[in-house]
Amino acid sequence: QVQLVESGGGLVQAGGSLRLSCAASGRTFSSYPLGWFRQAPGKNREFVAYISWSGGITYYADSVKGRFTISRDNAKNTVYLQMNSLKPEDTAVYYCAAGEYLAPGRRRYADQYDYWGQGTQVTVSS
């Protein structure tokens with residue numbers, strides 16, 4: 001089992017940058033694939049980015065591709081989401097999640113993930 005705690009959210013102007021962190025507890029962190037999701041008020045939780053256990057495979061939602069970068073440091077039990085060129089439509093609560101096993105083709109679906117953090121608010125002003 002793994003516990004996840006996000007940090008790094010805040011208020012930023014459009015065009016700015018933020019880096020979110022997700023710190024994990026648990027000795028087997030390095031074996032979990034991880035994802036970032038977000039949820040805006042009145043909307044469903046949506047996929048943002050995925051990273052494999054080794055960091056060698058990453059996926060992004062089309063809406064963030066080229067602007068966001070997911071990475072992980074298994075020695076620090078931490079996954080990151082670097083967000084550049086932020087837009088007001090990026091405003092949401094951002095969550096990190098870990099899965100015991102995520103089949104190819106299912107990694108963008110929130111219900112496939114087993115463990116979730118509490119979320120961190122990101123607000124982008126225009």
# chains A, B, ... in the order shown; residues from 1 in each chain; ligands from 1
call {"tool": "residues_around", "arguments": {"residues": "A:Thr58", "least_positions_apart": "5", "cutoff": "9 Å", "atoms": "only C-alpha atoms", "output": "list in words"}}
result
Ala49, Tyr50, Ile51, Ser52, Thr69, Ile70 and Ser71 of chain A
call {"tool": "write_last_selection", "arguments": {"atoms": "all heavy atoms", "output": "PDB file, in the first residue's frame"}}
result
ATOM      1  N   ALA A  49      -1.754  13.184 -16.895  1.00  0.00           N
ATOM      2  CA  ALA A  49      -0.477  12.596 -17.302  1.00  0.00           C
ATOM      3  C   ALA A  49      -0.266  11.275 -16.577  1.00  0.00           C
ATOM      4  O   ALA A  49      -0.808  11.049 -15.493  1.00  0.00           O
ATOM      5  CB  ALA A  49       0.678  13.553 -17.010  1.00  0.00           C
ATOM      6  N   TYR A  50       0.559  10.416 -17.170  1.00  0.00           N
ATOM      7  CA  TYR A  50       0.885   9.095 -16.636  1.00  0.00           C
ATOM      8  C   TYR A  50       2.380   8.870 -16.760  1.00  0.00           C
ATOM      9  O   TYR A  50       3.023   9.328 -17.721  1.00  0.00           O
ATOM     10  CB  TYR A  50       0.137   8.032 -17.443  1.00  0.00           C
ATOM     11  CG  TYR A  50       0.699   6.630 -17.283  1.00  0.00           C
ATOM     12  CD1 TYR A  50       0.235   5.790 -16.271  1.00  0.00           C
ATOM     13  CD2 TYR A  50       1.692   6.155 -18.131  1.00  0.00           C
ATOM     14  CE1 TYR A  50       0.758   4.517 -16.119  1.00  0.00           C
ATOM     15  CE2 TYR A  50       2.224   4.882 -17.983  1.00  0.00           C
ATOM     16  CZ  TYR A  50       1.746   4.063 -16.980  1.00  0.00           C
ATOM     17  OH  TYR A  50       2.266   2.813 -16.828  1.00  0.00           O
ATOM     18  N   ILE A  51       2.933   8.125 -15.784  1.00  0.00           N
ATOM     19  CA  ILE A  51       4.323   7.730 -15.874  1.00  0.00           C
ATOM     20  C   ILE A  51       4.459   6.304 -15.376  1.00  0.00           C
ATOM     21  O   ILE A  51       3.858   5.920 -14.368  1.00  0.00           O
ATOM     22  CB  ILE A  51       5.244   8.706 -15.094  1.00  0.00           C
ATOM     23  CG1 ILE A  51       6.716   8.431 -15.380  1.00  0.00           C
ATOM     24  CG2 ILE A  51       4.958   8.674 -13.597  1.00  0.00           C
ATOM     25  CD1 ILE A  51       7.642   9.557 -14.926  1.00  0.00           C
ATOM     26  N   SER A  52       5.228   5.513 -16.078  1.00  0.00           N
ATOM     27  CA  SER A  52       5.443   4.129 -15.684  1.00  0.00           C
ATOM     28  C   SER A  52       6.334   4.044 -14.454  1.00  0.00           C
ATOM     29  O   SER A  52       6.932   5.034 -14.028  1.00  0.00           O
ATOM     30  CB  SER A  52       6.073   3.353 -16.833  1.00  0.00           C
ATOM     31  OG  SER A  52       7.355   3.894 -17.145  1.00  0.00           O
ATOM     32  N   THR A  69       4.990  18.416 -17.936  1.00  0.00           N
ATOM     33  CA  THR A  69       5.935  17.304 -17.944  1.00  0.00           C
ATOM     34  C   THR A  69       5.828  16.536 -16.634  1.00  0.00           C
ATOM     35  O   THR A  69       5.942  17.134 -15.562  1.00  0.00           O
ATOM     36  CB  THR A  69       7.374  17.798 -18.119  1.00  0.00           C
ATOM     37  OG1 THR A  69       7.485  18.563 -19.329  1.00  0.00           O
ATOM     38  CG2 THR A  69       8.343  16.628 -18.181  1.00  0.00           C
ATOM     39  N   ILE A  70       5.614  15.231 -16.748  1.00  0.00           N
ATOM     40  CA  ILE A  70       5.580  14.365 -15.569  1.00  0.00           C
ATOM     41  C   ILE A  70       6.934  13.689 -15.423  1.00  0.00           C
ATOM     42  O   ILE A  70       7.563  13.303 -16.423  1.00  0.00           O
ATOM     43  CB  ILE A  70       4.438  13.324 -15.670  1.00  0.00           C
ATOM     44  CG1 ILE A  70       4.274  12.564 -14.363  1.00  0.00           C
ATOM     45  CG2 ILE A  70       4.637  12.395 -16.857  1.00  0.00           C
ATOM     46  CD1 ILE A  70       3.024  11.680 -14.325  1.00  0.00           C
ATOM     47  N   SER A  71       7.391  13.571 -14.185  1.00  0.00           N
ATOM     48  CA  SER A  71       8.653  12.899 -13.921  1.00  0.00           C
ATOM     49  C   SER A  71       8.584  12.281 -12.532  1.00  0.00           C
ATOM     50  O   SER A  71       7.669  12.581 -11.757  1.00  0.00           O
ATOM     51  CB  SER A  71       9.833  13.872 -14.019  1.00  0.00           C
ATOM     52  OG  SER A  71       9.714  14.912 -13.064  1.00  0.00           O
TER      53      SER A  71
END
call {"tool": "residues_around", "arguments": {"residues": "A:Gln121", "least_positions_apart": "2", "cutoff": "9 Å", "atoms": "only C-alpha atoms", "output": "list in words"}}
result
Ser7, Gly8, Gly9, Gly10, Leu11, Thr91, Ala92, Val93, Tyr94, Gly119 and Thr123 of chain A
call {"tool": "write_last_selection", "arguments": {"atoms": "all heavy atoms", "output": "PDB file, in the first residue's frame"}}
result
ATOM      1  N   SER A   7       1.559  18.570  -3.127  1.00  0.00           N
ATOM      2  CA  SER A   7       1.885  19.929  -2.706  1.00  0.00           C
ATOM      3  C   SER A   7       2.298  20.729  -3.938  1.00  0.00           C
ATOM      4  O   SER A   7       2.512  20.161  -5.009  1.00  0.00           O
ATOM      5  CB  SER A   7       3.005  19.924  -1.669  1.00  0.00           C
ATOM      6  OG  SER A   7       4.187  19.369  -2.217  1.00  0.00           O
ATOM      7  N   GLY A   8       2.408  22.039  -3.753  1.00  0.00           N
ATOM      8  CA  GLY A   8       2.904  22.895  -4.823  1.00  0.00           C
ATOM      9  C   GLY A   8       1.848  23.690  -5.558  1.00  0.00           C
ATOM     10  O   GLY A   8       2.172  24.493  -6.435  1.00  0.00           O
ATOM     11  N   GLY A   9       0.581  23.472  -5.223  1.00  0.00           N
ATOM     12  CA  GLY A   9      -0.463  24.244  -5.880  1.00  0.00           C
ATOM     13  C   GLY A   9      -0.448  25.695  -5.426  1.00  0.00           C
ATOM     14  O   GLY A   9       0.282  26.076  -4.513  1.00  0.00           O
ATOM     15  N   GLY A  10      -1.256  26.496  -6.100  1.00  0.00           N
ATOM     16  CA  GLY A  10      -1.338  27.909  -5.738  1.00  0.00           C
ATOM     17  C   GLY A  10      -2.009  28.717  -6.810  1.00  0.00           C
ATOM     18  O   GLY A  10      -2.628  28.175  -7.730  1.00  0.00           O
ATOM     19  N   LEU A  11      -1.869  30.028  -6.675  1.00  0.00           N
ATOM     20  CA  LEU A  11      -2.452  30.980  -7.618  1.00  0.00           C
ATOM     21  C   LEU A  11      -1.346  31.518  -8.518  1.00  0.00           C
ATOM     22  O   LEU A  11      -0.303  31.965  -8.022  1.00  0.00           O
ATOM     23  CB  LEU A  11      -3.118  32.122  -6.852  1.00  0.00           C
ATOM     24  CG  LEU A  11      -3.655  33.294  -7.679  1.00  0.00           C
ATOM     25  CD1 LEU A  11      -4.773  32.834  -8.591  1.00  0.00           C
ATOM     26  CD2 LEU A  11      -4.122  34.414  -6.743  1.00  0.00           C
ATOM     27  N   THR A  91      -7.259  25.572 -14.336  1.00  0.00           N
ATOM     28  CA  THR A  91      -7.693  25.705 -12.944  1.00  0.00           C
ATOM     29  C   THR A  91      -8.477  24.476 -12.513  1.00  0.00           C
ATOM     30  O   THR A  91      -9.448  24.078 -13.162  1.00  0.00           O
ATOM     31  CB  THR A  91      -8.565  26.965 -12.786  1.00  0.00           C
ATOM     32  OG1 THR A  91      -7.767  28.121 -13.044  1.00  0.00           O
ATOM     33  CG2 THR A  91      -9.144  27.050 -11.383  1.00  0.00           C
ATOM     34  N   ALA A  92      -8.037  23.851 -11.420  1.00  0.00           N
ATOM     35  CA  ALA A  92      -8.660  22.622 -10.930  1.00  0.00           C
ATOM     36  C   ALA A  92      -7.949  22.188  -9.654  1.00  0.00           C
ATOM     37  O   ALA A  92      -6.895  22.728  -9.301  1.00  0.00           O
ATOM     38  CB  ALA A  92      -8.562  21.513 -11.977  1.00  0.00           C
ATOM     39  N   VAL A  93      -8.524  21.190  -9.010  1.00  0.00           N
ATOM     40  CA  VAL A  93      -7.799  20.460  -7.972  1.00  0.00           C
ATOM     41  C   VAL A  93      -7.042  19.334  -8.671  1.00  0.00           C
ATOM     42  O   VAL A  93      -7.631  18.578  -9.450  1.00  0.00           O
ATOM     43  CB  VAL A  93      -8.750  19.898  -6.906  1.00  0.00           C
ATOM     44  CG1 VAL A  93      -7.963  19.094  -5.868  1.00  0.00           C
ATOM     45  CG2 VAL A  93      -9.511  21.033  -6.227  1.00  0.00           C
ATOM     46  N   TYR A  94      -5.753  19.260  -8.395  1.00  0.00           N
ATOM     47  CA  TYR A  94      -4.902  18.258  -9.027  1.00  0.00           C
ATOM     48  C   TYR A  94      -4.619  17.134  -8.030  1.00  0.00           C
ATOM     49  O   TYR A  94      -4.254  17.379  -6.878  1.00  0.00           O
ATOM     50  CB  TYR A  94      -3.601  18.894  -9.500  1.00  0.00           C
ATOM     51  CG  TYR A  94      -3.778  19.668 -10.775  1.00  0.00           C
ATOM     52  CD1 TYR A  94      -4.478  20.876 -10.787  1.00  0.00           C
ATOM     53  CD2 TYR A  94      -3.266  19.201 -11.985  1.00  0.00           C
ATOM     54  CE1 TYR A  94      -4.663  21.589 -11.965  1.00  0.00           C
ATOM     55  CE2 TYR A  94      -3.437  19.908 -13.167  1.00  0.00           C
ATOM     56  CZ  TYR A  94      -4.155  21.093 -13.150  1.00  0.00           C
ATOM     57  OH  TYR A  94      -4.323  21.800 -14.328  1.00  0.00           O
ATOM     58  N   GLY A 119      -5.277  15.957  -2.953  1.00  0.00           N
ATOM     59  CA  GLY A 119      -5.407  16.995  -3.966  1.00  0.00           C
ATOM     60  C   GLY A 119      -4.778  18.307  -3.561  1.00  0.00           C
ATOM     61  O   GLY A 119      -4.621  18.604  -2.377  1.00  0.00           O
ATOM     62  N   THR A 123      -4.946  27.463  -9.301  1.00  0.00           N
ATOM     63  CA  THR A 123      -5.822  28.499  -9.846  1.00  0.00           C
ATOM     64  C   THR A 123      -5.007  29.384 -10.775  1.00  0.00           C
ATOM     65  O   THR A 123      -3.974  29.931 -10.369  1.00  0.00           O
ATOM     66  CB  THR A 123      -6.442  29.349  -8.728  1.00  0.00           C
ATOM     67  OG1 THR A 123      -7.157  28.499  -7.828  1.00  0.00           O
ATOM     68  CG2 THR A 123      -7.394  30.379  -9.307  1.00  0.00           C
TER      69      THR A 123
END
call {"tool": "atom_distance", "arguments": {"atom1": "atom CA of A:Leu81", "atom2": "atom CA of A:Ser21"}}
result
6.5 Å
call {"tool": "select_by_dssp", "arguments": {"residues": "stretch 10-107 of chain A", "states": "helix (DSSP H, G or I)", "output": "PyMOL selection string"}}
result
chain A and resi 29-31+88-90
call {"tool": "write_last_selection", "arguments": {"atoms": "N, CA and C atoms", "output": "short mmCIF file (atom, residue, chain, number, x, y, z; two decimals), in the first residue's frame"}}
result
data_model
loop_
_atom_site.label_atom_id
_atom_site.label_comp_id
_atom_site.auth_asym_id
_atom_site.auth_seq_id
_atom_site.Cartn_x
_atom_site.Cartn_y
_atom_site.Cartn_z
N PHE A 29 7.27 2.12 -3.48
CA PHE A 29 6.87 3.23 -4.36
C PHE A 29 7.36 3.01 -5.78
N SER A 30 8.59 2.57 -5.92
CA SER A 30 9.20 2.47 -7.25
C SER A 30 8.52 1.44 -8.13
N SER A 31 7.67 0.60 -7.58
CA SER A 31 7.01 -0.42 -8.39
C SER A 31 5.66 0.04 -8.92
N PRO A 88 -6.12 29.69 -17.92
CA PRO A 88 -7.22 29.68 -16.95
C PRO A 88 -7.98 28.35 -16.94
N GLU A 89 -8.06 27.69 -18.06
CA GLU A 89 -8.78 26.40 -18.11
C GLU A 89 -8.02 25.27 -17.42
N ASP A 90 -6.79 25.53 -16.98
CA ASP A 90 -6.05 24.54 -16.17
C ASP A 90 -6.45 24.61 -14.70
#
call {"tool": "atom_distance", "arguments": {"atom1": "atom CA of A:Gly105", "atom2": "atom CA of A:Gly35"}}
result
13.6 Å
call {"tool": "closest_residue", "arguments": {"among": "A:Gly99, A:Gly15, A:Gln39, A:Asn74", "to": "A:Gln118", "atoms": "only C-alpha atoms"}}
result
A:Gln39
call {"tool": "atom_distance", "arguments": {"atom1": "atom CA of A:Arg38", "atom2": "atom CA of A:Lys76"}}
result
23.4 Å
call {"tool": "closest_residue", "arguments": {"among": "A:Val122, A:Met83, A:Val64, A:Ala103", "to": "A:Pro33", "atoms": "only C-alpha atoms"}}
result
A:Ala103
call {"tool": "closest_residue", "arguments": {"among": "A:Asn84, A:Gln13, A:Thr78, A:Gln3", "to": "A:Gly55", "atoms": "only C-alpha atoms"}}
result
A:Thr78
call {"tool": "residues_around", "arguments": {"residues": "A:Glu100", "least_positions_apart": "6", "cutoff": "10 Å", "atoms": "only C-alpha atoms", "output": "list in words"}}
result
Gln1, Val2, Ser31, Tyr32, Pro33, Leu34, Gln112, Tyr113, Asp114 and Tyr115 of chain A
call {"tool": "write_last_selection", "arguments": {"atoms": "C-alpha atoms", "output": "JSON list (two decimals), in the first residue's frame"}}
result
[["chain", "number", "residue", "atom", "x", "y", "z"],
["A", 1, "GLN", "CA", 0.00, 0.00, 0.00],
["A", 2, "VAL", "CA", 1.10, 3.58, -0.57],
["A", 31, "SER", "CA", 7.01, -0.42, -8.39],
["A", 32, "TYR", "CA", 3.86, 1.69, -8.90],
["A", 33, "PRO", "CA", 2.86, 3.41, -12.10],
["A", 34, "LEU", "CA", 1.51, 6.86, -11.31],
["A", 112, "GLN", "CA", -8.14, 1.98, -12.65],
["A", 113, "TYR", "CA", -6.06, 3.62, -9.92],
["A", 114, "ASP", "CA", -6.00, 2.24, -6.39],
["A", 115, "TYR", "CA", -4.51, 5.01, -4.25]]
call {"tool": "closest_residue", "arguments": {"among": "A:Arg72, A:Lys87, A:Lys65, A:Lys43", "to": "A:Leu18", "atoms": "only C-alpha atoms"}}
result
A:Lys87
call {"tool": "closest_residue", "arguments": {"among": "A:Ser126, A:Ile57, A:Val79, A:Ser63", "to": "A:Leu4", "atoms": "only C-alpha atoms"}}
result
A:Val79
call {"tool": "closest_residue", "arguments": {"among": "A:Ser85, A:Tyr95, A:Ser25, A:Arg107", "to": "A:Ala40", "atoms": "only C-alpha atoms"}}
result
A:Tyr95
call {"tool": "select_by_dssp", "arguments": {"residues": "chain A", "states": "strand (DSSP E)", "output": "number ranges by chain"}}
result
A: 3-7, 10-13, 18-25, 34-39, 46-51, 58-60, 68-73, 78-83, 92-98, 115-116, 120-125
call {"tool": "residues_around", "arguments": {"residues": "A:Ala110", "least_positions_apart": "5", "cutoff": "10 Å", "atoms": "only C-alpha atoms", "output": "list in words"}}
result
Gly35, Trp36, Phe37, Arg45, Glu46, Phe47, Ala97, Ala98, Gly99 and Trp116 of chain A
